[in-house]
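Note: the block below is input37.cif and it holds mmCIF, C-alpha atoms and all ligand atoms; chains and numbers go by the auth columns.
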```cif
data_query
loop_
_atom_site.group_PDB
_atom_site.id
_atom_site.type_symbol
_atom_site.label_atom_id
_atom_site.label_comp_id
_atom_site.label_asym_id
_atom_site.label_seq_id
_atom_site.Cartn_x
_atom_site.Cartn_y
_atom_site.Cartn_z
_atom_site.B_iso_or_equiv
_atom_site.auth_seq_id
_atom_site.auth_asym_id
ATOM 1 C CA MET A 1 11.349 15.376 -11.146 0.00 717 Q
ATOM 2 C CA LYS A 2 14.702 13.882 -10.234 0.00 718 Q
ATOM 3 C CA TYR A 3 15.027 11.719 -7.123 0.00 719 Q
ATOM 4 C CA ARG A 4 17.668 9.325 -5.856 0.00 720 Q
ATOM 5 C CA SER A 5 15.035 6.638 -5.157 0.00 721 Q
ATOM 6 C CA VAL A 6 11.315 6.166 -5.698 0.00 722 Q
ATOM 7 C CA PHE A 7 9.224 3.616 -3.781 0.00 723 Q
ATOM 8 C CA ILE A 8 5.701 2.596 -4.839 0.00 724 Q
ATOM 9 C CA SER A 9 3.445 -0.124 -3.437 0.00 725 Q
ATOM 10 C CA ASP A 10 -0.096 -1.458 -3.586 0.00 726 Q
ATOM 11 C CA VAL A 11 -0.662 -0.755 -7.281 0.00 727 Q
ATOM 12 C CA HIS A 12 -3.043 -3.749 -7.583 0.00 728 Q
ATOM 13 C CA LEU A 13 -2.679 -4.330 -11.343 0.00 729 Q
ATOM 14 C CA GLY A 14 -5.413 -6.725 -12.416 0.00 730 Q
ATOM 15 C CA SER A 15 -8.025 -5.050 -10.257 0.00 731 Q
ATOM 16 C CA ARG A 16 -10.530 -2.435 -11.366 0.00 732 Q
ATOM 17 C CA GLY A 17 -9.477 -0.073 -8.590 0.00 733 Q
ATOM 18 C CA CYS A 18 -5.962 0.470 -9.946 0.00 734 Q
ATOM 19 C CA LYS A 19 -5.393 4.049 -11.161 0.00 735 Q
ATOM 20 C CA ALA A 20 -3.213 2.873 -14.035 0.00 736 Q
ATOM 21 C CA GLU A 21 -3.317 6.002 -16.225 0.00 737 Q
ATOM 22 C CA ASP A 22 -2.234 8.192 -13.332 0.00 738 Q
ATOM 23 C CA LEU A 23 0.574 5.815 -12.445 0.00 739 Q
ATOM 24 C CA LEU A 24 1.807 5.800 -16.057 0.00 740 Q
ATOM 25 C CA ASP A 25 1.814 9.562 -15.992 0.00 741 Q
ATOM 26 C CA PHE A 26 3.683 9.553 -12.678 0.00 742 Q
ATOM 27 C CA LEU A 27 6.309 7.059 -13.902 0.00 743 Q
ATOM 28 C CA ASP A 28 6.886 9.273 -16.952 0.00 744 Q
ATOM 29 C CA SER A 29 7.402 12.302 -14.743 0.00 745 Q
ATOM 30 C CA ILE A 30 10.149 10.847 -12.547 0.00 746 Q
ATOM 31 C CA GLU A 31 13.826 10.131 -12.984 0.00 747 Q
ATOM 32 C CA CYS A 32 15.683 8.076 -10.395 0.00 748 Q
ATOM 33 C CA SER A 33 18.614 5.740 -9.778 0.00 749 Q
ATOM 34 C CA TYR A 34 16.594 3.236 -7.728 0.00 750 Q
ATOM 35 C CA LEU A 35 12.981 2.228 -8.182 0.00 751 Q
ATOM 36 C CA PHE A 36 11.432 -0.025 -5.534 0.00 752 Q
ATOM 37 C CA LEU A 37 8.188 -1.920 -6.085 0.00 753 Q
ATOM 38 C CA VAL A 38 7.134 -2.541 -2.499 0.00 754 Q
ATOM 39 C CA GLY A 39 4.550 -5.296 -2.979 0.00 755 Q
ATOM 40 C CA ASP A 40 0.965 -5.853 -4.086 0.00 756 Q
ATOM 41 C CA ILE A 41 1.995 -4.602 -7.522 0.00 757 Q
ATOM 42 C CA ILE A 42 -0.051 -7.325 -9.252 0.00 758 Q
ATOM 43 C CA ASP A 43 -3.224 -8.460 -7.547 0.00 759 Q
ATOM 44 C CA ILE A 44 -3.028 -12.210 -8.151 0.00 760 Q
ATOM 45 C CA TRP A 45 -5.921 -12.787 -5.713 0.00 761 Q
ATOM 46 C CA LYS A 46 -8.269 -10.678 -7.868 0.00 762 Q
ATOM 47 C CA LEU A 47 -6.988 -12.188 -11.128 0.00 763 Q
ATOM 48 C CA GLN A 48 -7.734 -15.668 -9.836 0.00 764 Q
ATOM 49 C CA GLY A 49 -11.347 -14.623 -9.212 0.00 765 Q
ATOM 50 C CA SER A 50 -11.933 -12.945 -12.567 0.00 766 Q
ATOM 51 C CA TRP A 51 -9.513 -11.951 -15.292 0.00 767 Q
ATOM 52 C CA TYR A 52 -9.187 -8.176 -15.696 0.00 768 Q
ATOM 53 C CA TRP A 53 -6.150 -6.917 -17.575 0.00 769 Q
ATOM 54 C CA PRO A 54 -6.697 -3.771 -19.647 0.00 770 Q
ATOM 55 C CA HIS A 55 -4.116 -2.309 -22.014 0.00 771 Q
ATOM 56 C CA SER A 56 -3.031 0.321 -19.473 0.00 772 Q
ATOM 57 C CA HIS A 57 -1.935 -2.432 -17.058 0.00 773 Q
ATOM 58 C CA ASN A 58 0.252 -3.934 -19.771 0.00 774 Q
ATOM 59 C CA LYS A 59 1.701 -0.513 -20.398 0.00 775 Q
ATOM 60 C CA ILE A 60 2.746 -0.275 -16.751 0.00 776 Q
ATOM 61 C CA VAL A 61 4.546 -3.624 -16.881 0.00 777 Q
ATOM 62 C CA ARG A 62 6.314 -2.551 -20.065 0.00 778 Q
ATOM 63 C CA LYS A 63 7.200 0.817 -18.563 0.00 779 Q
ATOM 64 C CA LEU A 64 8.744 -0.860 -15.495 0.00 780 Q
ATOM 65 C CA ILE A 65 10.803 -3.169 -17.701 0.00 781 Q
ATOM 66 C CA LYS A 66 11.937 -0.171 -19.732 0.00 782 Q
ATOM 67 C CA LYS A 67 12.886 1.719 -16.568 0.00 783 Q
ATOM 68 C CA SER A 68 14.986 -1.253 -15.430 0.00 784 Q
ATOM 69 C CA ARG A 69 17.408 -0.586 -18.296 0.00 785 Q
ATOM 70 C CA ASP A 70 18.727 2.667 -16.871 0.00 786 Q
ATOM 71 C CA CYS A 71 17.765 2.435 -13.215 0.00 787 Q
ATOM 72 C CA GLN A 72 17.978 -0.333 -10.616 0.00 788 Q
ATOM 73 C CA VAL A 73 14.486 -1.786 -10.185 0.00 789 Q
ATOM 74 C CA VAL A 74 13.854 -3.997 -7.152 0.00 790 Q
ATOM 75 C CA PHE A 75 10.580 -5.854 -6.638 0.00 791 Q
ATOM 76 C CA VAL A 76 9.725 -6.814 -3.043 0.00 792 Q
ATOM 77 C CA PRO A 77 6.519 -8.888 -3.299 0.00 793 Q
ATOM 78 C CA GLY A 78 3.510 -8.400 -1.044 0.00 794 Q
ATOM 79 C CA ASN A 79 0.701 -10.715 0.048 0.00 795 Q
ATOM 80 C CA HIS A 80 -1.355 -10.187 -3.131 0.00 796 Q
ATOM 81 C CA ASP A 81 1.619 -11.184 -5.291 0.00 797 Q
ATOM 82 C CA GLU A 82 3.282 -13.530 -2.809 0.00 798 Q
ATOM 83 C CA MET A 83 3.929 -16.239 -5.451 0.00 799 Q
ATOM 84 C CA PHE A 84 6.882 -14.062 -6.558 0.00 800 Q
ATOM 85 C CA ARG A 85 8.457 -14.589 -3.130 0.00 801 Q
ATOM 86 C CA ASP A 86 9.528 -18.026 -4.403 0.00 802 Q
ATOM 87 C CA PHE A 87 11.860 -16.169 -6.808 0.00 803 Q
ATOM 88 C CA ASP A 88 13.799 -14.482 -3.992 0.00 804 Q
ATOM 89 C CA GLY A 89 17.237 -13.488 -5.302 0.00 805 Q
ATOM 90 C CA LEU A 90 16.336 -14.077 -8.942 0.00 806 Q
ATOM 91 C CA ASN A 91 15.961 -11.600 -11.778 0.00 807 Q
ATOM 92 C CA PHE A 92 13.038 -11.063 -14.092 0.00 808 Q
ATOM 93 C CA GLY A 93 14.890 -9.445 -16.976 0.00 809 Q
ATOM 94 C CA GLU A 94 16.687 -6.579 -15.245 0.00 810 Q
ATOM 95 C CA ILE A 95 14.207 -6.507 -12.355 0.00 811 Q
ATOM 96 C CA GLU A 96 15.555 -8.055 -9.157 0.00 812 Q
ATOM 97 C CA ILE A 97 13.176 -9.898 -6.848 0.00 813 Q
ATOM 98 C CA HIS A 98 13.790 -9.938 -3.082 0.00 814 Q
ATOM 99 C CA ARG A 99 11.540 -10.907 -0.160 0.00 815 Q
ATOM 100 C CA GLU A 100 13.065 -7.999 1.751 0.00 816 Q
ATOM 101 C CA TYR A 101 15.778 -5.600 0.708 0.00 817 Q
ATOM 102 C CA GLU A 102 18.448 -3.536 2.403 0.00 818 Q
ATOM 103 C CA HIS A 103 18.894 -0.160 0.763 0.00 819 Q
ATOM 104 C CA ARG A 104 21.431 2.545 1.696 0.00 820 Q
ATOM 105 C CA LEU A 105 20.394 6.183 1.692 0.00 821 Q
ATOM 106 C CA ALA A 106 22.654 8.831 0.158 0.00 822 Q
ATOM 107 C CA GLY A 107 24.001 9.436 3.691 0.00 823 Q
ATOM 108 C CA GLY A 108 24.787 5.721 4.158 0.00 824 Q
ATOM 109 C CA GLN A 109 21.945 4.855 6.596 0.00 825 Q
ATOM 110 C CA LYS A 110 20.448 1.378 6.321 0.00 826 Q
ATOM 111 C CA VAL A 111 16.841 1.154 5.111 0.00 827 Q
ATOM 112 C CA LEU A 112 14.704 -1.974 5.327 0.00 828 Q
ATOM 113 C CA VAL A 113 12.379 -2.281 2.315 0.00 829 Q
ATOM 114 C CA ILE A 114 9.534 -4.692 3.074 0.00 830 Q
ATOM 115 C CA HIS A 115 5.844 -4.933 2.150 0.00 831 Q
ATOM 116 C CA GLY A 116 4.858 -5.411 5.781 0.00 832 Q
ATOM 117 C CA ASP A 117 2.066 -7.986 5.709 0.00 833 Q
ATOM 118 C CA ARG A 118 3.963 -10.331 7.992 0.00 834 Q
ATOM 119 C CA PHE A 119 3.576 -7.737 10.748 0.00 835 Q
ATOM 120 C CA ASP A 120 -0.149 -7.544 10.230 0.00 836 Q
ATOM 121 C CA ARG A 121 -1.850 -10.385 12.058 0.00 837 Q
ATOM 122 C CA ILE A 122 -5.343 -9.307 11.047 0.00 838 Q
ATOM 123 C CA VAL A 123 -6.058 -8.411 7.425 0.00 839 Q
ATOM 124 C CA CYS A 124 -7.758 -5.086 7.735 0.00 840 Q
ATOM 125 C CA HIS A 125 -11.141 -4.973 6.025 0.00 841 Q
ATOM 126 C CA SER A 126 -12.434 -1.985 7.923 0.00 842 Q
ATOM 127 C CA LYS A 127 -9.982 0.589 6.531 0.00 843 Q
ATOM 128 C CA TRP A 128 -12.798 2.393 4.736 0.00 844 Q
ATOM 129 C CA LEU A 129 -14.533 2.999 8.030 0.00 845 Q
ATOM 130 C CA ALA A 130 -11.629 5.075 9.260 0.00 846 Q
ATOM 131 C CA LYS A 131 -11.985 7.253 6.171 0.00 847 Q
ATOM 132 C CA LEU A 132 -15.747 7.413 6.181 0.00 848 Q
ATOM 133 C CA GLY A 133 -16.750 10.944 5.222 0.00 849 Q
ATOM 134 C CA GLY A 134 -19.603 12.991 6.631 0.00 850 Q
ATOM 135 C CA HIS A 135 -21.842 12.497 3.598 0.00 851 Q
ATOM 136 C CA ALA A 136 -21.528 8.717 3.600 0.00 852 Q
ATOM 137 C CA TYR A 137 -22.178 8.780 7.306 0.00 853 Q
ATOM 138 C CA GLU A 138 -25.467 10.675 6.817 0.00 854 Q
ATOM 139 C CA ILE A 139 -26.639 8.103 4.285 0.00 855 Q
ATOM 140 C CA LEU A 140 -25.746 5.286 6.660 0.00 856 Q
ATOM 141 C CA VAL A 141 -27.636 6.988 9.470 0.00 857 Q
ATOM 142 C CA ARG A 142 -30.732 7.155 7.252 0.00 858 Q
ATOM 143 C CA VAL A 143 -30.392 3.506 6.223 0.00 859 Q
ATOM 144 C CA ASN A 144 -29.941 2.673 9.877 0.00 860 Q
ATOM 145 C CA SER A 145 -33.206 4.359 10.849 0.00 861 Q
ATOM 146 C CA TRP A 146 -35.100 2.251 8.239 0.00 862 Q
ATOM 147 C CA TYR A 147 -33.271 -0.801 9.466 0.00 863 Q
ATOM 148 C CA ASN A 148 -34.260 -0.112 13.054 0.00 864 Q
ATOM 149 C CA ALA A 149 -37.871 0.608 12.069 0.00 865 Q
ATOM 150 C CA ALA A 150 -37.919 -2.853 10.489 0.00 866 Q
ATOM 151 C CA ARG A 151 -36.313 -4.402 13.572 0.00 867 Q
ATOM 152 C CA LYS A 152 -38.961 -2.754 15.755 0.00 868 Q
ATOM 153 C CA ARG A 153 -41.789 -4.204 13.642 0.00 869 Q
ATOM 154 C CA LEU A 154 -40.184 -7.612 14.074 0.00 870 Q
ATOM 155 C CA GLY A 155 -39.981 -7.037 17.828 0.00 871 Q
ATOM 156 C CA MET A 156 -36.191 -6.742 17.863 0.00 872 Q
ATOM 157 C CA LYS A 157 -34.044 -4.402 19.939 0.00 873 Q
ATOM 158 C CA TYR A 158 -32.610 -1.116 18.644 0.00 874 Q
ATOM 159 C CA TRP A 159 -29.167 -1.502 17.055 0.00 875 Q
ATOM 160 C CA SER A 160 -26.833 1.470 17.292 0.00 876 Q
ATOM 161 C CA LEU A 161 -25.001 2.283 14.084 0.00 877 Q
ATOM 162 C CA ALA A 162 -23.022 5.131 15.646 0.00 878 Q
ATOM 163 C CA GLY A 163 -21.810 2.834 18.383 0.00 879 Q
ATOM 164 C CA TYR A 164 -20.892 0.138 15.897 0.00 880 Q
ATOM 165 C CA LEU A 165 -18.974 2.548 13.645 0.00 881 Q
ATOM 166 C CA LYS A 166 -17.140 4.113 16.547 0.00 882 Q
ATOM 167 C CA LEU A 167 -15.989 0.680 17.644 0.00 883 Q
ATOM 168 C CA LYS A 168 -14.947 -0.295 14.098 0.00 884 Q
ATOM 169 C CA THR A 169 -13.051 2.977 13.534 0.00 885 Q
ATOM 170 C CA LYS A 170 -11.254 2.580 16.821 0.00 886 Q
ATOM 171 C CA LYS A 171 -10.351 -0.994 15.864 0.00 887 Q
ATOM 172 C CA ALA A 172 -9.052 0.119 12.436 0.00 888 Q
ATOM 173 C CA LEU A 173 -6.878 2.814 14.001 0.00 889 Q
ATOM 174 C CA LYS A 174 -5.596 0.276 16.530 0.00 890 Q
ATOM 175 C CA ILE A 175 -4.595 -2.069 13.667 0.00 891 Q
ATOM 176 C CA VAL A 176 -2.656 0.737 11.957 0.00 892 Q
ATOM 177 C CA ASP A 177 -0.975 1.572 15.256 0.00 893 Q
ATOM 178 C CA ASN A 178 -0.007 -2.073 15.896 0.00 894 Q
ATOM 179 C CA PHE A 179 1.396 -2.343 12.374 0.00 895 Q
ATOM 180 C CA GLU A 180 3.625 0.718 12.749 0.00 896 Q
ATOM 181 C CA GLU A 181 4.735 -0.396 16.205 0.00 897 Q
ATOM 182 C CA ALA A 182 5.631 -3.934 15.064 0.00 898 Q
ATOM 183 C CA LEU A 183 7.520 -2.769 11.969 0.00 899 Q
ATOM 184 C CA THR A 184 9.536 -0.051 13.673 0.00 900 Q
ATOM 185 C CA THR A 185 10.389 -2.283 16.655 0.00 901 Q
ATOM 186 C CA HIS A 186 11.638 -4.958 14.257 0.00 902 Q
ATOM 187 C CA ALA A 187 13.623 -2.446 12.142 0.00 903 Q
ATOM 188 C CA ALA A 188 15.200 -0.903 15.267 0.00 904 Q
ATOM 189 C CA SER A 189 16.223 -4.334 16.582 0.00 905 Q
ATOM 190 C CA GLU A 190 17.970 -5.060 13.270 0.00 906 Q
ATOM 191 C CA GLU A 191 19.713 -1.666 13.417 0.00 907 Q
ATOM 192 C CA PHE A 192 17.967 -0.093 10.461 0.00 908 Q
ATOM 193 C CA SER A 193 17.579 3.701 10.461 0.00 909 Q
ATOM 194 C CA ALA A 194 14.416 3.525 8.389 0.00 910 Q
ATOM 195 C CA VAL A 195 11.782 1.136 7.114 0.00 911 Q
ATOM 196 C CA VAL A 196 9.893 1.642 3.841 0.00 912 Q
ATOM 197 C CA CYS A 197 6.713 -0.424 3.559 0.00 913 Q
ATOM 198 C CA GLY A 198 3.212 -0.504 2.091 0.00 914 Q
ATOM 199 C CA HIS A 199 0.264 -2.813 2.731 0.00 915 Q
ATOM 200 C CA ILE A 200 -2.082 -0.628 4.789 0.00 916 Q
ATOM 201 C CA HIS A 201 -2.680 1.984 2.025 0.00 917 Q
ATOM 202 C CA ARG A 202 -1.753 4.933 4.236 0.00 918 Q
ATOM 203 C CA ALA A 203 1.134 7.079 3.042 0.00 919 Q
ATOM 204 C CA GLU A 204 3.162 8.620 5.815 0.00 920 Q
ATOM 205 C CA VAL A 205 6.688 9.452 6.961 0.00 921 Q
ATOM 206 C CA LYS A 206 7.341 9.769 10.667 0.00 922 Q
ATOM 207 C CA LEU A 207 9.744 8.878 13.419 0.00 923 Q
ATOM 208 C CA ARG A 208 8.782 6.018 15.705 0.00 924 Q
ATOM 209 C CA ASN A 209 10.951 3.967 18.082 0.00 925 Q
ATOM 210 C CA GLY A 210 13.961 5.891 16.752 0.00 926 Q
ATOM 211 C CA VAL A 211 13.300 4.625 13.220 0.00 927 Q
ATOM 212 C CA THR A 212 11.957 6.553 10.232 0.00 928 Q
ATOM 213 C CA TYR A 213 8.691 4.854 9.265 0.00 929 Q
ATOM 214 C CA ALA A 214 7.819 5.510 5.612 0.00 930 Q
ATOM 215 C CA ASN A 215 4.694 4.001 4.058 0.00 931 Q
ATOM 216 C CA CYS A 216 4.195 4.296 0.278 0.00 932 Q
ATOM 217 C CA GLY A 217 0.372 4.417 0.389 0.00 933 Q
ATOM 218 C CA ASP A 218 -1.259 3.011 -2.765 0.00 934 Q
ATOM 219 C CA TRP A 219 -2.407 3.543 -6.364 0.00 935 Q
ATOM 220 C CA VAL A 220 -6.009 2.552 -5.754 0.00 936 Q
ATOM 221 C CA GLU A 221 -7.038 5.661 -3.885 0.00 937 Q
ATOM 222 C CA SER A 222 -4.335 7.943 -2.571 0.00 938 Q
ATOM 223 C CA ARG A 223 -1.893 7.814 -5.534 0.00 939 Q
ATOM 224 C CA THR A 224 1.206 8.328 -3.429 0.00 940 Q
ATOM 225 C CA ALA A 225 4.858 7.356 -3.385 0.00 941 Q
ATOM 226 C CA ILE A 226 7.823 7.632 -1.053 0.00 942 Q
ATOM 227 C CA VAL A 227 10.824 9.359 -2.580 0.00 943 Q
ATOM 228 C CA GLU A 228 14.415 9.689 -1.453 0.00 944 Q
ATOM 229 C CA THR A 229 15.726 13.111 -2.389 0.00 945 Q
ATOM 230 C CA MET A 230 19.231 13.503 -3.815 0.00 946 Q
ATOM 231 C CA ASP A 231 20.502 14.259 -0.311 0.00 947 Q
ATOM 232 C CA GLY A 232 18.928 11.174 1.229 0.00 948 Q
ATOM 233 C CA GLU A 233 15.709 12.451 2.785 0.00 949 Q
ATOM 234 C CA LEU A 234 12.539 10.302 2.688 0.00 950 Q
ATOM 235 C CA LYS A 235 9.316 12.119 1.775 0.00 951 Q
ATOM 236 C CA VAL A 236 5.744 11.320 0.729 0.00 952 Q
ATOM 237 C CA ILE A 237 4.621 12.710 -2.596 0.00 953 Q
ATOM 238 C CA GLN A 238 1.085 12.633 -3.956 0.00 954 Q
ATOM 239 C CA TYR A 239 0.225 12.468 -7.647 0.00 955 Q
ATOM 240 C CA GLY A 240 -1.276 15.673 -8.994 0.00 956 Q
ATOM 241 C CA LEU A 241 -0.118 17.815 -6.067 0.00 957 Q
HETATM 242 MN MN MN B . -0.659 -6.013 1.095 0.00 1001 Q
#
```
Take the structure from the file and write it as C-alpha cells.
Ligand SMILES: [Mn+2]
Amino acid sequence: MKYRSVFISDVHLGSRGCKAEDLLDFLDSIECSYLFLVGDIIDIWKLQGSWYWPHSHNKIVRKLIKKSRDCQVVFVPGNHDEMFRDFDGLNFGEIEIHREYEHRLAGGQKVLVIHGDRFDRIVCHSKWLAKLGGHAYEILVRVNSWYNAARKRLGMKYWSLAGYLKLKTKKALKIVDNFEEALTTHAASEEFSAVVCGHIHRAEVKLRNGVTYANCGDWVESRTAIVETMDGELKVIQYGL
C-alpha cells in the first residue's frame, strides 16, 4: 500500500513480546515518503536485564536503514529507548533523531510527533486489566475462591476480587483518559492540528480539544500503525486486516 506517511511505535525490539516477523511483513507491504518511529522501538530496559536479540530483530533494524535511503525516516525516542534522546538533532546514517518532531500533513496542518511518556505521570502497569477477557476473568474468579477459602481457614476476612478488578480497570481507563487530555491540551496550546503518539499501546484516532489525537498502538499485541493517506488524512491500520 502507498501512503504519504507511516507512524509506528512501541515495537520493543529486544523483548520476547515483539512481533518482529509481522512487522517485517508490514514494512515490506508499505511504500511512503515519511516513516516515523514514535518511540520504544528498542527496549533498552529489557536488554539491560537479559540480552535477547534474535535474527528477526536485526532484520528490522536493517530494513529501517534500507528504507531511509528512499524515504525520510525520523526516530522520536520513547522512555524505553530514552538514551537516544541525547542525540537530538543528530543522524544515525540517514535516520534523523528528534526528541519531538513537527510534521506537516499534505494539507499543510501542523502535526506534533511525540512518544508521550512525559504526559504520563504514572507508568501504567494495569493495562492488561482493562483488556481482561471473560475467560481469564472466570479463571481468576476460581483462583479467588480458593484464595478466600484459605483466608477463611486462617481467620482472615473475605477479599473481593470483583471489587478489586473493577477499581483497577477504572483506574486504568482514568490513566488513558488523563494521557489523552494532557497531550491534546498541550498540542492545542502550541497550535498543532494533530498529535501522533504512542506509549499506552492503544491505537486510536479521534478528535479531542479541537486536536486530532492519533495513537500508533504497538507491535507487541495489537500490531497497528497510524498512516497519513496521500490526501493528508490520519487513520489507524491493523496488520492482517
Ligand atoms: Mn513508552
Please measure the separation of atom CA of Q:Phe803 and atom CA of Q:Val727, giving the value in Å to one decimal.
->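 So the two atoms, atom CA of Q:Phe803 and atom CA of Q:Val727, lie 19.9 Å apart.
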Which of these residues is nearest to Q:Gly832, using only C-alpha atoms: Q:Cys787, Q:Val911, Q:Leu870, Q:Leu780?
-> Q:Val911
Test item: residues no farther than 12 Å from ligand MN 1001 (chain Q), counting all atoms listed in the file, as a ChimeraX atom specification | /Q:725-728,754-761,792-798,830-841,913-918,931-934
How about saving the chosen residues, C-alpha atoms kept, as a PDB file, keeping the file's coordinate frame?
```pdb
ATOM      1  CA  SER Q 725       3.445  -0.124  -3.437  1.00  0.00           C
ATOM      2  CA  ASP Q 726      -0.096  -1.458  -3.586  1.00  0.00           C
ATOM      3  CA  VAL Q 727      -0.662  -0.755  -7.281  1.00  0.00           C
ATOM      4  CA  HIS Q 728      -3.043  -3.749  -7.583  1.00  0.00           C
ATOM      5  CA  VAL Q 754       7.134  -2.541  -2.499  1.00  0.00           C
ATOM      6  CA  GLY Q 755       4.550  -5.296  -2.979  1.00  0.00           C
ATOM      7  CA  ASP Q 756       0.965  -5.853  -4.086  1.00  0.00           C
ATOM      8  CA  ILE Q 757       1.995  -4.602  -7.522  1.00  0.00           C
ATOM      9  CA  ILE Q 758      -0.051  -7.325  -9.252  1.00  0.00           C
ATOM     10  CA  ASP Q 759      -3.224  -8.460  -7.547  1.00  0.00           C
ATOM     11  CA  ILE Q 760      -3.028 -12.210  -8.151  1.00  0.00           C
ATOM     12  CA  TRP Q 761      -5.921 -12.787  -5.713  1.00  0.00           C
ATOM     13  CA  VAL Q 792       9.725  -6.814  -3.043  1.00  0.00           C
ATOM     14  CA  PRO Q 793       6.519  -8.888  -3.299  1.00  0.00           C
ATOM     15  CA  GLY Q 794       3.510  -8.400  -1.044  1.00  0.00           C
ATOM     16  CA  ASN Q 795       0.701 -10.715   0.048  1.00  0.00           C
ATOM     17  CA  HIS Q 796      -1.355 -10.187  -3.131  1.00  0.00           C
ATOM     18  CA  ASP Q 797       1.619 -11.184  -5.291  1.00  0.00           C
ATOM     19  CA  GLU Q 798       3.282 -13.530  -2.809  1.00  0.00           C
ATOM     20  CA  ILE Q 830       9.534  -4.692   3.074  1.00  0.00           C
ATOM     21  CA  HIS Q 831       5.844  -4.933   2.150  1.00  0.00           C
ATOM     22  CA  GLY Q 832       4.858  -5.411   5.781  1.00  0.00           C
ATOM     23  CA  ASP Q 833       2.066  -7.986   5.709  1.00  0.00           C
ATOM     24  CA  ARG Q 834       3.963 -10.331   7.992  1.00  0.00           C
ATOM     25  CA  PHE Q 835       3.576  -7.737  10.748  1.00  0.00           C
ATOM     26  CA  ASP Q 836      -0.149  -7.544  10.230  1.00  0.00           C
ATOM     27  CA  ARG Q 837      -1.850 -10.385  12.058  1.00  0.00           C
ATOM     28  CA  ILE Q 838      -5.343  -9.307  11.047  1.00  0.00           C
ATOM     29  CA  VAL Q 839      -6.058  -8.411   7.425  1.00  0.00           C
ATOM     30  CA  CYS Q 840      -7.758  -5.086   7.735  1.00  0.00           C
ATOM     31  CA  HIS Q 841     -11.141  -4.973   6.025  1.00  0.00           C
ATOM     32  CA  CYS Q 913       6.713  -0.424   3.559  1.00  0.00           C
ATOM     33  CA  GLY Q 914       3.212  -0.504   2.091  1.00  0.00           C
ATOM     34  CA  HIS Q 915       0.264  -2.813   2.731  1.00  0.00           C
ATOM     35  CA  ILE Q 916      -2.082  -0.628   4.789  1.00  0.00           C
ATOM     36  CA  HIS Q 917      -2.680   1.984   2.025  1.00  0.00           C
ATOM     37  CA  ARG Q 918      -1.753   4.933   4.236  1.00  0.00           C
ATOM     38  CA  ASN Q 931       4.694   4.001   4.058  1.00  0.00           C
ATOM     39  CA  CYS Q 932       4.195   4.296   0.278  1.00  0.00           C
ATOM     40  CA  GLY Q 933       0.372   4.417   0.389  1.00  0.00           C
ATOM     41  CA  ASP Q 934      -1.259   3.011  -2.765  1.00  0.00           C
TER      42      ASP Q 934
END
```
Using the chain letters and numbers from the file, give me the residues hit by the PyMOL selection byres (((chain Q and resi 768) around 9) and not hetatm), as a list in words.
->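 Taken over the shown coordinates, the PyMOL selection byres (((chain Q and resi 768) around 9) and not hetatm) returns Leu729, Gly730, Ser731, Arg732, Lys762, Leu763, Ser766, Trp767, Trp769 and Pro770 of chain Q.
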What are the closest atom pairs, with distances in Å to one decimal, for each residue of stretch 841-910 of chain Q lying within 9 Å of stretch 811-829 of chain Q, using only C-alpha atoms, rows by chain and rising residue number, as CSV?
```
residue,atom,partner,partner_atom,distance
Q:Ala903,CA,Q:Leu828,CA,6.9
Q:Glu907,CA,Q:Lys826,CA,7.8
Q:Phe908,CA,Q:Lys826,CA,5.0
Q:Ser909,CA,Q:Lys826,CA,5.5
Q:Ala910,CA,Q:Val827,CA,4.7
```
Quick one: residues within 12 Å of stretch 782-786 of chain Q, only C-alpha atoms counted, chain neighbours fewer than 6 positions away excluded, as a VMD selection string?
-> chain Q and resid 722 740 743 to 744 746 to 753 775 to 776 807 to 812
Do you know which residues the PyMOL selection byres (((chain Q and resi 941) around 10) and not hetatm) returns on this file, as number ranges by chain?
-> Q: 722-725, 742, 914, 919-920, 930-935, 938-940, 942-943, 951-955
Separation of atom CA of Q:Ser905 from atom CA of Q:Lys922 in Å |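 A separation of 17.7 Å between them.
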For the structure shown, which residues end up in the PyMOL selection byres (((chain Q and resi 859-862) around 12) and not hetatm)? Put them as a list in words, please?
->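 Selected by the PyMOL selection byres (((chain Q and resi 859-862) around 12) and not hetatm) here: Ala852, Tyr853, Glu854, Ile855, Leu856, Val857, Arg858, Tyr863, Asn864, Ala865, Ala866, Arg867, Lys868, Arg869, Tyr874, Trp875, Ser876, Leu877, Ala878, Gly879, Tyr880 and Leu881 of chain Q.
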Any idea what the distance is between atom CA of Q:Gly956 and atom CA of Q:Val936?
->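 Computing the Euclidean distance for atom CA of Q:Gly956 and atom CA of Q:Val936 yields 14.3 Å.
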Which is closer to Q:Glu737 than all the others in Q:Thr900, Q:Asn774, Q:Asp893, Q:Val912, using all atoms listed in the file?
->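 Of the candidates, the smallest distance to Q:Glu737 is held by Q:Asn774.
Distances from Q:Glu937, Q:Val927, Q:Gln764, Q:Ala888 to Q:Glu906 were compared using all atoms listed in the file, and the smallest one belongs to Q:Val927.
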